[in-house]
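So this one's entry09.txt, compact mmCIF, C-alpha atoms and all ligand atoms:
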```txt
# COMPACT_ATOMS: atom_id res chain seq x y z
CA MET U 1 20.93 -5.58 27.68
CA LYS U 2 17.34 -5.49 28.77
CA ILE U 3 15.41 -6.99 25.87
CA GLY U 4 11.66 -7.35 25.27
CA ILE U 5 10.42 -9.93 22.78
CA ILE U 6 6.86 -9.60 21.50
CA GLY U 7 5.90 -12.93 19.97
CA ALA U 8 7.08 -16.28 21.30
CA GLY U 9 6.69 -18.45 18.23
CA ASN U 10 9.36 -19.83 15.91
CA ILE U 11 11.51 -16.71 15.82
CA GLY U 12 10.61 -15.17 19.19
CA GLY U 13 11.13 -18.47 20.99
CA ASN U 14 14.54 -19.10 19.46
CA LEU U 15 15.70 -15.52 20.03
CA THR U 16 14.58 -15.93 23.65
CA ARG U 17 16.70 -19.09 23.90
CA ARG U 18 19.85 -17.58 22.41
CA LEU U 19 19.65 -14.14 24.02
CA THR U 20 19.13 -15.56 27.51
CA ALA U 21 22.03 -17.96 26.91
CA LEU U 22 24.20 -14.92 26.16
CA GLY U 23 23.23 -13.43 29.51
CA HIS U 24 20.70 -10.81 28.41
CA ASP U 25 17.73 -9.95 30.60
CA VAL U 26 14.80 -11.04 28.41
CA SER U 27 11.07 -10.42 28.86
CA VAL U 28 8.80 -12.28 26.46
CA ALA U 29 5.13 -11.90 25.57
CA ASN U 30 2.56 -13.58 23.34
CA SER U 31 -1.13 -13.01 22.64
CA ARG U 32 -2.47 -15.51 25.18
CA GLY U 33 -0.71 -14.18 28.25
CA PRO U 34 2.29 -14.96 30.47
CA HIS U 35 0.68 -18.06 32.03
CA THR U 36 1.08 -19.79 28.65
CA LEU U 37 4.84 -19.12 28.59
CA THR U 38 5.88 -20.99 31.73
CA ALA U 39 7.64 -23.79 29.80
CA LEU U 40 9.74 -21.29 27.81
CA ALA U 41 10.46 -19.34 30.99
CA GLU U 42 11.61 -22.48 32.83
CA GLU U 43 13.75 -23.52 29.90
CA THR U 44 15.44 -20.15 29.38
CA GLY U 45 15.12 -18.00 32.51
CA ALA U 46 13.24 -15.34 30.51
CA THR U 47 10.44 -13.43 32.26
CA PRO U 48 6.95 -13.93 30.77
CA VAL U 49 5.00 -10.66 30.67
CA GLU U 50 1.87 -9.09 29.22
CA VAL U 51 2.44 -7.51 25.81
CA GLY U 52 1.96 -4.03 27.24
CA ASP U 53 4.84 -4.62 29.67
CA ALA U 54 7.29 -6.17 27.21
CA ALA U 55 9.04 -2.92 26.31
CA ARG U 56 9.24 -1.51 29.84
CA ASP U 57 12.80 -0.22 30.48
CA ALA U 58 13.97 -2.18 27.43
CA ASP U 59 17.09 -1.17 25.50
CA LEU U 60 15.93 -3.34 22.62
CA VAL U 61 12.55 -4.76 21.61
CA VAL U 62 11.89 -7.45 19.01
CA VAL U 63 8.48 -7.40 17.31
CA THR U 64 8.01 -10.89 15.90
CA VAL U 65 4.30 -11.51 15.37
CA PRO U 66 2.40 -12.25 12.13
CA LEU U 67 1.89 -8.99 10.20
CA LYS U 68 -1.88 -9.26 10.49
CA ALA U 69 -1.48 -9.07 14.30
CA VAL U 70 0.59 -5.87 14.29
CA PRO U 71 -2.49 -3.56 14.38
CA ASP U 72 -3.64 -5.43 17.53
CA LEU U 73 -0.54 -4.44 19.52
CA PRO U 74 -1.37 -1.94 22.27
CA SER U 75 -0.78 1.74 21.57
CA GLY U 76 1.95 3.46 23.55
CA LEU U 77 3.90 0.20 23.57
CA PHE U 78 7.26 1.97 23.81
CA ASP U 79 6.29 4.73 26.26
CA GLY U 80 8.14 3.06 29.15
CA ALA U 81 11.14 1.88 27.13
CA ALA U 82 14.68 3.18 27.62
CA ASP U 83 15.59 6.35 25.70
CA GLY U 84 16.65 5.49 22.16
CA VAL U 85 15.23 1.97 22.35
CA ALA U 86 16.07 -0.07 19.25
CA VAL U 87 13.12 -1.98 17.81
CA ILE U 88 13.72 -4.99 15.56
CA ASP U 89 10.99 -6.02 13.12
CA THR U 90 11.27 -9.60 11.84
CA GLY U 91 7.99 -9.48 9.95
CA ASN U 92 7.05 -10.62 6.46
CA TYR U 93 3.86 -10.03 4.48
CA TYR U 94 2.18 -13.27 3.41
CA PRO U 95 -1.13 -12.01 2.00
CA GLN U 96 -2.31 -15.29 0.50
CA GLN U 97 -1.38 -17.69 3.28
CA ARG U 98 -1.78 -15.67 6.43
CA ASP U 99 -2.13 -11.91 6.52
CA GLY U 100 -4.87 -10.98 4.01
CA LYS U 101 -4.55 -7.76 2.04
CA ILE U 102 -2.75 -4.89 3.75
CA ALA U 103 -3.59 -1.75 1.76
CA GLY U 104 -0.71 0.32 3.14
CA ILE U 105 1.72 -2.12 1.57
CA GLU U 106 -0.06 -3.02 -1.66
CA ASP U 107 -1.85 0.24 -2.51
CA GLU U 108 0.26 2.91 -0.83
CA GLY U 109 3.51 1.14 -1.65
CA LEU U 110 4.99 1.21 1.86
CA THR U 111 7.69 -1.34 2.53
CA GLU U 112 6.55 -4.07 4.91
CA SER U 113 8.68 -2.66 7.73
CA GLY U 114 7.68 0.90 6.82
CA TRP U 115 4.06 -0.14 7.34
CA THR U 116 4.88 -1.85 10.65
CA ALA U 117 6.76 1.24 11.86
CA ARG U 118 3.74 3.39 11.07
CA GLN U 119 1.40 0.97 12.85
CA ILE U 120 3.43 0.77 16.05
CA GLY U 121 4.39 4.46 16.06
CA HIS U 122 8.13 3.75 16.28
CA THR U 123 10.83 3.30 13.69
CA VAL U 124 12.17 -0.22 13.30
CA VAL U 125 15.29 -2.03 12.20
CA LYS U 126 14.43 -4.82 9.77
CA ALA U 127 16.41 -7.95 10.63
CA PHE U 128 15.99 -11.74 10.76
CA ASN U 129 13.03 -11.58 8.35
CA GLY U 130 14.74 -13.86 5.85
CA THR U 131 16.41 -16.10 8.43
CA TYR U 132 15.05 -19.59 9.09
CA ALA U 133 14.11 -19.77 12.77
CA GLN U 134 16.10 -22.97 13.17
CA ASP U 135 19.25 -21.22 11.87
CA ILE U 136 19.18 -18.94 14.91
CA LEU U 137 19.91 -22.06 16.99
CA ASP U 138 21.96 -24.11 14.53
CA ARG U 139 24.05 -21.67 12.49
CA PRO U 140 25.86 -19.28 14.87
CA ARG U 141 29.58 -19.21 14.12
CA PRO U 142 32.49 -17.29 15.63
CA ALA U 143 33.60 -14.09 13.86
CA GLY U 144 35.84 -14.94 10.92
CA ALA U 145 34.56 -18.50 10.46
CA PRO U 146 34.46 -19.30 6.73
CA ASP U 147 30.87 -20.56 6.89
CA ARG U 148 29.51 -17.69 9.01
CA MET U 149 26.17 -16.51 7.60
CA ALA U 150 25.39 -12.83 7.08
CA LEU U 151 22.01 -11.18 7.63
CA PRO U 152 20.83 -8.00 5.90
CA VAL U 153 19.84 -5.18 8.27
CA ALA U 154 17.86 -2.11 7.15
CA GLY U 155 16.71 0.93 9.09
CA ASP U 156 16.60 4.71 9.35
CA ASP U 157 17.94 5.09 12.90
CA GLU U 158 21.69 4.63 12.51
CA ALA U 159 22.31 4.32 16.26
CA ALA U 160 19.66 1.62 16.58
CA LYS U 161 21.07 -0.16 13.55
CA ARG U 162 24.52 -0.23 15.18
CA VAL U 163 23.02 -1.75 18.35
CA VAL U 164 21.20 -4.40 16.31
CA ARG U 165 24.24 -5.25 14.20
CA ALA U 166 26.40 -5.63 17.31
CA LEU U 167 23.81 -7.94 18.87
CA ILE U 168 23.58 -10.08 15.72
CA ASP U 169 27.37 -10.36 15.74
CA GLU U 170 27.14 -11.52 19.37
CA LEU U 171 24.55 -14.09 18.26
CA GLY U 172 27.05 -15.50 15.79
CA PHE U 173 26.23 -13.90 12.43
CA ASP U 174 27.73 -11.22 10.22
CA THR U 175 25.52 -8.39 8.98
CA VAL U 176 25.28 -6.36 5.80
CA ASP U 177 23.92 -2.81 5.89
CA ALA U 178 20.92 -2.99 3.54
CA GLY U 179 20.16 0.74 3.74
CA SER U 180 17.07 2.57 4.96
CA LEU U 181 13.53 1.33 5.57
CA ALA U 182 12.66 2.70 2.11
CA ASP U 183 15.34 0.36 0.73
CA SER U 184 14.14 -2.63 2.74
CA TRP U 185 12.06 -4.11 -0.11
CA ARG U 186 15.38 -5.60 -1.19
CA GLN U 187 15.12 -8.18 1.61
CA GLN U 188 11.37 -8.88 1.53
CA PRO U 189 9.88 -12.30 0.63
CA GLY U 190 10.58 -13.37 -2.94
CA THR U 191 13.88 -11.49 -3.25
CA PRO U 192 17.22 -13.24 -3.87
CA VAL U 193 18.46 -12.58 -0.33
CA TYR U 194 15.32 -13.97 1.34
CA GLY U 195 16.30 -17.29 2.95
CA LEU U 196 19.86 -17.06 1.65
CA GLN U 197 22.27 -18.93 3.93
CA GLU U 198 25.52 -17.35 2.74
CA GLY U 199 28.19 -14.90 3.83
CA ALA U 200 28.46 -11.14 3.44
CA ASP U 201 29.65 -11.06 -0.19
CA ALA U 202 26.76 -13.21 -1.41
CA VAL U 203 24.26 -11.22 0.66
CA THR U 204 25.56 -7.93 -0.76
CA LYS U 205 25.28 -9.30 -4.29
CA ALA U 206 21.76 -10.65 -3.69
CA LEU U 207 20.57 -7.30 -2.29
CA ALA U 208 21.88 -5.55 -5.41
CA GLU U 209 20.07 -8.01 -7.68
CA ALA U 210 16.62 -7.53 -6.10
CA SER U 211 13.74 -6.29 -8.23
CA PRO U 212 11.29 -3.74 -6.77
CA GLU U 213 8.37 -5.54 -8.46
CA ARG U 214 6.34 -7.51 -5.90
CA SER U 215 5.85 -11.00 -7.33
CA ALA U 216 2.35 -12.45 -7.76
CA ASP U 217 2.98 -14.92 -4.92
CA PHE U 218 3.26 -12.04 -2.48
CA ARG U 219 0.24 -10.02 -3.60
CA ALA U 220 -3.28 -10.48 -2.27
N1 LIG U 301 9.25 -18.88 11.05
C1 LIG U 301 10.33 -18.40 10.48
O1 LIG U 301 11.31 -19.17 10.21
C2 LIG U 301 10.44 -16.95 10.17
C3 LIG U 301 11.64 -16.49 9.67
C4 LIG U 301 11.83 -15.13 9.48
C5 LIG U 301 10.79 -14.25 9.72
N2 LIG U 301 9.58 -14.72 10.14
C6 LIG U 301 8.51 -13.71 10.35
O2 LIG U 301 8.54 -13.32 11.71
C7 LIG U 301 7.20 -13.12 12.19
C8 LIG U 301 6.93 -14.14 13.29
O3 LIG U 301 7.04 -15.43 12.72
P1 LIG U 301 6.99 -16.78 13.57
O4 LIG U 301 7.17 -17.88 12.59
O5 LIG U 301 7.86 -16.67 14.76
O6 LIG U 301 5.44 -16.74 14.03
P2 LIG U 301 4.64 -17.80 14.91
O7 LIG U 301 5.47 -19.01 15.18
O8 LIG U 301 3.30 -17.94 14.28
O9 LIG U 301 4.49 -17.03 16.31
C9 LIG U 301 3.79 -15.85 16.40
C10 LIG U 301 3.84 -15.35 17.82
O10 LIG U 301 3.22 -14.06 17.83
C11 LIG U 301 2.32 -14.04 18.93
N3 LIG U 301 1.26 -13.08 18.69
C12 LIG U 301 0.28 -13.12 17.75
N4 LIG U 301 -0.52 -12.05 17.88
C13 LIG U 301 -0.07 -11.34 18.92
C14 LIG U 301 -0.48 -10.16 19.57
N5 LIG U 301 -1.55 -9.46 19.13
N6 LIG U 301 0.21 -9.74 20.65
C15 LIG U 301 1.29 -10.42 21.08
N7 LIG U 301 1.74 -11.54 20.52
C16 LIG U 301 1.07 -12.00 19.46
C17 LIG U 301 1.81 -15.45 19.04
O11 LIG U 301 1.26 -15.63 20.32
P3 LIG U 301 0.12 -16.74 20.58
O12 LIG U 301 0.71 -18.05 20.20
O13 LIG U 301 -0.19 -16.60 22.04
O14 LIG U 301 -1.05 -16.35 19.70
C18 LIG U 301 3.10 -16.23 18.82
O15 LIG U 301 3.85 -16.31 20.00
C19 LIG U 301 6.29 -13.30 10.97
O16 LIG U 301 6.04 -12.06 10.36
C20 LIG U 301 7.10 -14.19 10.06
O17 LIG U 301 6.73 -14.04 8.70
C21 LIG U 301 9.40 -16.04 10.39
```

Translate this structure into structure tokens?
Amino acid sequence: MKIGIIGAGNIGGNLTRRLTALGHDVSVANSRGPHTLTALAEETGATPVEVGDAARDADLVVVTVPLKAVPDLPSGLFDGAADGVAVIDTGNYYPQQRDGKIAGIEDEGLTESGWTARQIGHTVVKAFNGTYAQDILDRPRPAGAPDRMALPVAGDDEAAKRVVRALIDELGFDTVDAGSLADSWRQQPGTPVYGLQEGADAVTKALAEASPERSADFRA
């Protein structure tokens, strides 16, 4: 697949490493420009690009920047993407440590990914948000392995969700369908599934046990 990755930090860097290793054609962007991504490009064979070019012709785009940076992404980001492009959002809202108050989430009650989708003008599939970046490198397992981790995946576009779930399987993880973007609070920070390193049964149970109340740690 042709994949664009926006954000080359902990998650974006490790997804670049694994997706290139699997043979995908990866373009990667950060805020400082492609000249700052030469080491990652040499290591992985990914193509460093400007943010505005990251989605060009892409079948799949990963948005993996701090939430506070989402409004800075260029408008029309997906105009040149392939028809039906699937967009993964890995984001989490950390109001106290990083992002400041985001009114759309706290006052309007949007889910974190619902807010991101509105900001970028494209629906998203929420995935990897509760996955430690290092696990992307260290924890892939073949299908059927007893210690294979499962990741919750939420989204409104069923076709995009299928593409994302198939890719996560290729990366070495099971997935659990966590419902729509409106349901995706069940995998936000502070929920039982967030950071859980378990298989599909435990992930399903943790999603069911989530409380819709946002805990004080995750309010501005
Ligand atoms: N770290 C984890 O284990 C983990 C796990 C699951 C989910 N997450 C979530 O995933 C998201 C990314 O986390 P991370 O830890 O990978 O972040 P990170 O290490 O801080 O990296 C952020 C990346 O986003 C880029 N960026 C910032 N503003 C940008 C902009 N306006 N345009 C393009 N690129 C921009 C940065 O580029 P520059 O360096 O050039 O500024 C950097 O490459 C966050 O929402 C985080 O909460 C993180």

Please, which residues have at least one atom within 9 Å of an atom of ligand LIG 301 (chain U), using only C-alpha atoms and all ligand atoms, listed as a PyMOL selection string?
chain U and resi 6-14+29-34+36-37+50-52+63-74+89-94+98+127-135+189+194-195

Would you please work out which residue, of U:Pro152, U:Gly190, U:Gly76, U:Gly23, is nearest to U:Ile120 when using all atoms listed in the file?
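Of U:Pro152, U:Gly190, U:Gly76, U:Gly23, the one nearest U:Ile120 is U:Gly76, counting all atoms listed in the file.
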
Can you tell me how far atom CA of U:Ser184 sits from atom CA of U:Leu207, in Å to one decimal?
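Rounded to one decimal, the two atoms are 9.4 Å apart.
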
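With distances taken over only C-alpha atoms, U:Gly172 is the one residue among U:Gly100, U:Pro48, U:Gly172, U:Gly80 lying closest to U:Asp138.
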
Give me, as a count of residues only, all polymer residues having an atom no more than 9 Å from stretch 153-163 of chain U, counting only C-alpha atoms and skipping those fewer than 4 positions away in the same chain.
26

Quick one: of U:Leu151, U:Thr44, U:Asp59, U:Ser75, who's nearest to U:Val203, counting only C-alpha atoms?
U:Leu151

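Between atom CA of U:Ile5 and atom CA of U:Leu110 there is a distance of 24.3 Å.
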
Give me, please, the distance in Å between atom CA of U:Ala54 and atom CA of U:Gln188, quoted to one decimal.
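Those two atoms sit 26.1 Å apart.
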
When distances are computed from only C-alpha atoms, which of U:Trp115, U:Asp25, U:Ser215, U:Pro142 shows the smallest separation from U:Ala103?
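For U:Ala103, the nearest of the candidates is U:Trp115.
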